[in-house]
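Dropping protein.csv in here (CSV, C-alpha atoms):
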```csv
chain,number,residue,atom,x,y,z
A,95,MET,CA,117.8,11.6,117.6
A,96,PRO,CA,115.3,12.8,120.3
A,97,LEU,CA,113.8,16.2,120.1
A,98,TYR,CA,113.2,18.8,122.8
A,99,ARG,CA,110.9,21.7,121.8
A,100,THR,CA,111.1,24.9,123.9
A,101,CYS,CA,108.1,26.8,124.9
A,102,ASP,CA,108.7,29.3,122.1
A,103,GLY,CA,109.0,26.6,119.4
A,104,VAL,CA,112.8,26.1,119.1
A,105,GLU,CA,113.7,22.5,118.3
A,106,ILE,CA,116.7,21.2,120.1
A,107,PHE,CA,118.0,17.8,118.9
A,108,TYR,CA,120.2,15.6,121.0
A,109,GLU,CA,121.6,12.2,121.3
A,110,ARG,CA,121.4,10.0,124.4
A,111,VAL,CA,123.8,7.0,124.6
A,112,GLY,CA,124.8,4.6,127.4
A,113,SER,CA,122.9,3.3,130.3
A,114,GLY,CA,125.1,4.2,133.3
A,115,PRO,CA,123.6,5.6,136.5
A,116,GLU,CA,125.3,9.0,136.3
A,117,VAL,CA,124.4,11.4,133.4
A,118,ILE,CA,127.0,13.6,131.7
A,119,VAL,CA,125.9,16.5,129.4
A,120,LEU,CA,128.5,17.2,126.7
A,121,ILE,CA,128.0,20.8,125.5
A,122,PRO,CA,129.8,21.7,122.2
A,123,GLY,CA,131.3,25.1,121.3
A,124,THR,CA,130.8,27.7,118.6
A,125,GLY,CA,129.6,26.4,115.3
A,126,VAL,CA,129.7,22.7,116.0
A,127,ASP,CA,127.2,20.0,117.0
A,128,HIS,CA,127.4,16.9,119.2
A,129,VAL,CA,129.8,15.2,116.7
A,130,TYR,CA,132.5,17.4,118.3
A,131,TRP,CA,132.6,15.0,121.3
A,132,HIS,CA,133.0,11.9,119.2
A,133,LEU,CA,136.5,11.1,120.5
A,134,GLN,CA,135.4,11.3,124.1
A,135,VAL,CA,132.4,9.0,123.8
A,136,GLU,CA,134.1,5.6,124.0
A,137,PRO,CA,136.3,6.3,127.1
A,138,LEU,CA,133.3,7.8,128.9
A,139,LEU,CA,131.1,4.8,128.2
A,140,ARG,CA,133.8,2.2,128.8
A,141,SER,CA,133.3,2.1,132.6
A,142,GLY,CA,129.6,1.5,132.3
A,143,ARG,CA,129.1,4.3,134.9
A,144,PHE,CA,127.7,7.0,132.6
A,145,THR,CA,124.9,7.9,130.3
A,146,LEU,CA,125.7,10.7,127.8
A,147,ILE,CA,123.5,13.4,126.6
A,148,MET,CA,124.9,15.4,123.6
A,149,ALA,CA,122.9,18.3,122.3
A,150,ASN,CA,122.8,20.1,119.0
A,151,MET,CA,122.6,23.6,120.6
A,152,ARG,CA,120.2,26.1,119.0
A,153,GLY,CA,121.7,27.3,115.7
A,154,ALA,CA,123.8,24.2,115.2
A,155,GLY,CA,123.4,20.7,113.7
A,156,ARG,CA,119.8,19.7,113.3
A,157,SER,CA,118.4,22.3,115.8
A,158,THR,CA,116.5,25.4,114.9
A,159,VAL,CA,118.4,28.2,113.3
A,160,LEU,CA,117.1,31.6,114.3
A,161,LYS,CA,117.6,34.9,112.6
A,162,ASP,CA,117.1,37.0,115.8
A,163,MET,CA,120.5,37.3,117.4
A,164,ASP,CA,119.0,38.1,120.8
A,165,ARG,CA,117.7,34.6,121.0
A,166,TYR,CA,121.3,33.3,121.2
A,167,SER,CA,123.0,33.5,124.6
A,168,SER,CA,124.9,31.3,127.0
A,169,SER,CA,122.0,31.6,129.5
A,170,ILE,CA,119.3,30.8,127.0
A,171,MET,CA,121.4,27.7,125.9
A,172,ALA,CA,121.6,26.7,129.6
A,173,SER,CA,117.8,26.8,129.8
A,174,ASP,CA,117.7,24.5,126.7
A,175,VAL,CA,120.0,22.0,128.5
A,176,VAL,CA,117.7,22.0,131.5
A,177,GLY,CA,114.7,21.5,129.3
A,178,ILE,CA,116.4,18.3,127.9
A,179,LEU,CA,117.1,17.1,131.4
A,180,ASP,CA,113.5,17.6,132.4
A,181,GLN,CA,112.3,15.7,129.3
A,182,GLU,CA,114.7,12.9,130.1
A,183,VAL,CA,113.7,12.9,133.8
A,184,VAL,CA,117.2,13.6,134.9
A,185,ALA,CA,117.5,15.4,138.3
A,186,SER,CA,121.2,16.4,138.0
A,187,ALA,CA,124.2,15.7,135.8
A,188,HIS,CA,127.9,16.3,135.2
A,189,MET,CA,128.3,19.3,132.8
A,190,ILE,CA,131.2,19.3,130.4
A,191,GLY,CA,131.6,22.2,128.0
A,192,HIS,CA,134.2,23.3,125.5
A,193,SER,CA,134.5,27.0,124.4
A,194,LEU,CA,131.0,28.4,124.1
A,195,GLY,CA,129.8,25.2,125.7
A,196,SER,CA,132.0,26.0,128.7
A,197,CYS,CA,130.2,29.3,129.0
A,198,VAL,CA,126.9,27.5,129.0
A,199,ALA,CA,128.3,25.2,131.7
A,200,GLN,CA,129.1,28.3,133.8
A,201,GLN,CA,125.5,29.5,133.5
A,202,LEU,CA,124.2,26.1,134.5
A,203,GLY,CA,126.3,26.3,137.6
A,204,LEU,CA,125.0,29.8,138.4
A,205,ILE,CA,121.4,29.7,137.4
A,206,TYR,CA,120.6,26.0,138.0
A,207,PRO,CA,123.0,24.8,140.7
A,208,ASP,CA,120.7,22.0,141.9
A,209,ARG,CA,121.0,20.4,138.4
A,210,VAL,CA,124.8,20.3,138.4
A,211,LEU,CA,126.9,17.5,139.9
A,212,THR,CA,130.3,18.7,138.6
A,213,LEU,CA,131.5,21.2,136.1
A,214,GLN,CA,134.2,21.0,133.5
A,215,MET,CA,135.0,24.2,131.6
A,216,HIS,CA,137.5,23.6,128.8
A,217,ALA,CA,138.9,26.7,126.9
A,218,THR,CA,136.6,29.1,128.8
A,219,TRP,CA,136.2,32.8,129.5
A,220,GLY,CA,134.1,34.9,131.9
A,221,ARG,CA,133.8,38.0,129.7
A,222,ALA,CA,134.7,38.8,126.1
A,223,ASP,CA,137.0,41.7,126.2
A,224,GLU,CA,137.9,44.0,123.3
A,225,TRP,CA,140.8,41.8,122.1
A,226,MET,CA,138.5,38.7,121.9
A,227,LYS,CA,135.8,40.7,120.1
A,228,ARG,CA,138.3,42.0,117.5
A,229,ALA,CA,140.4,38.9,117.1
A,230,TRP,CA,138.8,35.5,116.4
A,231,ILE,CA,135.1,36.7,116.9
A,232,GLY,CA,135.6,39.6,114.5
A,233,THR,CA,137.6,37.8,111.9
A,234,ALA,CA,135.1,34.9,111.9
A,235,GLU,CA,132.1,37.2,111.8
A,236,TYR,CA,133.2,39.4,108.9
A,237,PRO,CA,133.0,36.8,106.1
A,238,LEU,CA,129.7,35.5,107.4
A,239,LEU,CA,128.1,38.9,107.1
A,240,ARG,CA,129.2,38.8,103.5
A,241,GLY,CA,127.8,35.3,102.9
A,242,ASP,CA,131.2,33.5,102.8
A,243,PRO,CA,131.2,30.6,105.3
A,244,HIS,CA,134.1,29.0,103.6
A,245,GLN,CA,136.4,31.9,104.4
A,246,THR,CA,135.1,31.8,108.0
A,247,PHE,CA,136.1,28.1,108.2
A,248,ARG,CA,139.6,28.9,106.9
A,249,THR,CA,139.9,31.7,109.5
A,250,ILE,CA,138.7,29.6,112.4
A,251,SER,CA,141.0,26.8,111.4
A,252,MET,CA,143.9,29.2,111.9
A,253,TRP,CA,142.7,30.1,115.4
A,254,ALA,CA,141.5,26.6,116.5
A,255,PHE,CA,144.3,24.2,115.3
A,256,SER,CA,148.0,24.0,115.9
A,257,PRO,CA,150.5,25.2,113.3
A,258,GLU,CA,151.9,21.6,113.3
A,259,TYR,CA,148.5,20.1,112.4
A,260,LEU,CA,147.8,22.7,109.7
A,261,GLU,CA,151.2,22.0,108.2
A,262,THR,CA,151.0,18.2,108.3
A,263,ARG,CA,147.3,17.3,108.6
A,264,LYS,CA,148.5,14.6,111.0
A,265,PRO,CA,147.8,12.5,113.0
A,266,ASP,CA,145.1,10.9,110.9
A,267,TYR,CA,142.6,10.6,113.7
A,268,VAL,CA,142.7,14.4,114.2
A,269,ALA,CA,142.2,15.0,110.5
A,270,ASP,CA,139.3,12.5,110.5
A,271,GLN,CA,137.6,14.1,113.4
A,272,ILE,CA,137.9,17.6,111.8
A,273,ARG,CA,136.4,16.2,108.6
A,274,ARG,CA,133.5,14.6,110.6
A,275,THR,CA,132.9,17.7,112.7
A,276,MET,CA,133.4,20.6,110.3
A,277,ILE,CA,133.7,19.5,106.6
A,278,ASP,CA,131.6,16.3,105.9
A,279,ASN,CA,129.0,17.0,108.6
A,280,PRO,CA,125.7,17.1,106.8
A,281,HIS,CA,124.1,19.3,109.4
A,282,LEU,CA,126.4,22.3,109.5
A,283,GLN,CA,124.4,25.4,110.4
A,284,ALA,CA,123.4,28.3,108.2
A,285,ASN,CA,125.2,31.6,108.4
A,286,GLU,CA,122.6,32.9,110.9
A,287,GLY,CA,123.4,30.0,113.3
A,288,MET,CA,127.1,30.7,113.3
A,289,LEU,CA,126.4,34.4,113.7
A,290,GLY,CA,124.1,33.6,116.6
A,291,HIS,CA,126.8,31.6,118.3
A,292,LEU,CA,129.3,34.4,117.8
A,293,HIS,CA,126.8,36.8,119.3
A,294,ALA,CA,126.5,34.5,122.4
A,295,ASP,CA,130.4,34.4,122.6
A,296,LYS,CA,130.8,38.2,122.7
A,297,THR,CA,127.9,38.9,125.0
A,298,HIS,CA,128.7,36.2,127.6
A,299,ASP,CA,129.5,37.9,130.9
A,300,THR,CA,129.6,36.1,134.2
A,301,ILE,CA,132.9,37.5,135.5
A,302,ASP,CA,131.4,39.1,138.6
A,303,GLN,CA,129.2,36.1,139.4
A,304,LEU,CA,131.7,33.2,139.2
A,305,SER,CA,132.4,33.2,142.9
A,306,HIS,CA,128.9,32.0,143.4
A,307,ILE,CA,129.5,28.6,141.7
A,308,ARG,CA,129.6,25.9,144.3
A,309,ALA,CA,129.8,22.7,142.2
A,310,PRO,CA,133.2,20.9,142.0
A,311,THR,CA,134.8,22.5,139.0
A,312,LEU,CA,137.7,21.8,136.6
A,313,VAL,CA,139.0,24.5,134.3
A,314,THR,CA,141.5,23.8,131.6
A,315,ALA,CA,143.4,25.7,129.0
A,316,GLY,CA,145.8,25.2,126.2
A,317,GLU,CA,149.3,26.7,126.4
A,318,PHE,CA,149.1,27.6,122.7
A,319,ASP,CA,145.4,28.2,122.3
A,320,TYR,CA,145.3,31.4,120.2
A,321,LEU,CA,141.5,31.4,120.0
A,322,ILE,CA,140.9,31.5,123.8
A,323,PRO,CA,144.3,32.3,125.3
A,324,GLN,CA,144.9,30.7,128.7
A,325,ARG,CA,144.7,34.0,130.5
A,326,TYR,CA,140.9,33.9,130.2
A,327,SER,CA,140.6,30.4,131.7
A,328,ARG,CA,142.9,31.3,134.5
A,329,ILE,CA,140.7,34.2,135.5
A,330,VAL,CA,137.7,31.9,135.6
A,331,ALA,CA,139.5,29.4,137.7
A,332,ASP,CA,140.7,32.0,140.1
A,333,ARG,CA,137.2,33.3,140.7
A,334,ILE,CA,135.5,29.9,141.4
A,335,PRO,CA,136.1,28.7,145.0
A,336,GLY,CA,138.0,25.4,145.1
A,337,SER,CA,138.3,25.0,141.4
A,338,LYS,CA,141.1,22.9,139.9
A,339,PHE,CA,143.1,24.1,136.9
A,340,HIS,CA,145.0,22.1,134.3
A,341,LEU,CA,147.2,23.6,131.6
A,342,PHE,CA,147.7,21.5,128.4
A,343,LYS,CA,151.2,22.1,127.2
A,344,GLY,CA,153.3,21.7,124.1
A,345,PRO,CA,153.0,22.6,120.4
A,346,ARG,CA,149.7,20.6,120.1
A,347,SER,CA,148.0,22.5,122.9
A,348,SER,CA,145.7,24.4,120.5
A,349,HIS,CA,142.1,25.4,121.1
A,350,SER,CA,141.2,21.9,119.9
A,351,TYR,CA,143.3,20.1,122.5
A,352,ASN,CA,140.6,17.6,123.1
A,353,PHE,CA,141.5,16.3,119.5
A,354,GLU,CA,145.2,17.1,119.3
A,355,LEU,CA,146.1,16.0,122.8
A,356,LEU,CA,143.5,13.3,122.9
A,357,GLU,CA,145.0,10.8,125.4
A,358,GLU,CA,145.9,13.5,128.0
A,359,PHE,CA,142.6,15.3,127.6
A,360,ASN,CA,140.6,12.1,128.1
A,361,THR,CA,142.7,11.2,131.2
A,362,VAL,CA,142.2,14.7,132.7
A,363,MET,CA,138.5,14.6,131.9
A,364,MET,CA,138.0,11.1,133.4
A,365,ARG,CA,140.0,11.9,136.6
A,366,ALA,CA,137.8,14.9,137.3
A,367,LEU,CA,134.6,12.7,137.0
A,368,THR,CA,135.8,9.8,139.0
A,369,GLY,CA,138.1,11.4,141.6
```
Just give me the structure of the file as structure tokens.
Amino acid sequence: MPLYRTCDGVEIFYERVGSGPEVIVLIPGTGVDHVYWHLQVEPLLRSGRFTLIMANMRGAGRSTVLKDMDRYSSSIMASDVVGILDQEVVASAHMIGHSLGSCVAQQLGLIYPDRVLTLQMHATWGRADEWMKRAWIGTAEYPLLRGDPHQTFRTISMWAFSPEYLETRKPDYVADQIRRTMIDNPHLQANEGMLGHLHADKTHDTIDQLSHIRAPTLVTAGEFDYLIPQRYSRIVADRIPGSKFHLFKGPRSSHSYNFELLEEFNTVMMRALTG
């Protein structure tokens, strides 16, 4: 994997695949690396239109884990993405982010508008309110502060996956993707990396700036996403001029709807890219 080194010595690993004329940056969410997008790679490459850049954001995967929580934020991660684009000599790209990655995409649209062709924000929010800070962020953070990442994984599983999946562990491709991303992944970050991502989650606040985003934007949400309930995404969509909103519905419309509703998600994603 290529490496981008920031001016302050943080190493950001990323993968570049494909050779199409348009570049897509896939930005993963809290606690996961580029493997999170595995099920989207093939349909994106099939047309031959796209090149994909998938980063291990700071604190995740093979990238540097920092102990200083103030060095994790959605805006800092956006600058990391721009650094990768500069290194790859890419003037502008489509930005697709999920969860924390969607907050990074917001910052790219606000701070670096000339680098953004289109934006996709899946399971997003503009400001972490007290409910969010106490609910999944707080319940994920508490075991980590006591050195128990296994309990944090069990807690996040409750928030991130549908009751149907947790009961059945089906379909197999969803179970396989979860294993690849969160269980068998050899580059799961240390406690400090996950805590850093949670810090970025709860300090993200663009709610009063979203009206300045001008890139064509798709915002999506899951009807039964308990981790980031749809009300947060709807507020973001309402504040971005001309944005489109898609609600994934049904018992599988969990936070991980890009796994659990794979065919619909990939269709919606591709439609936003190709018009």
Contact check, stretch 162-192 of chain A to stretch 120-137 of chain A, at most 7 Å, counting all atoms listed in the file, closest pairs as a tab-separated table:
```
residue	atom	partner	partner_atom	distance
A:Met189	CA	A:Leu120	CA	6.5
A:Ile190	CA	A:Leu120	CA	5.0
A:Gly191	CA	A:Ile121	CA	4.6
A:His192	CA	A:Gly123	CA	5.4
```
Which of these, A:Met276, A:Ser141, A:Asp223, A:Ile322, has the shortest distance to A:His244 once you count all atoms listed in the file?
-> A:Met276
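In this structure, atom CA of A:Asp162 sits 23.0 Å away from atom CA of A:Gln245.
Closest approach to A:Leu202 among A:Met215, A:Ala172, A:Met151, A:Leu138: A:Ala172, based on all atoms listed in the file.
Closest approach to A:Pro335 among A:Gln303, A:Thr233, A:Thr361, A:Thr275: A:Gln303, based on all atoms listed in the file.
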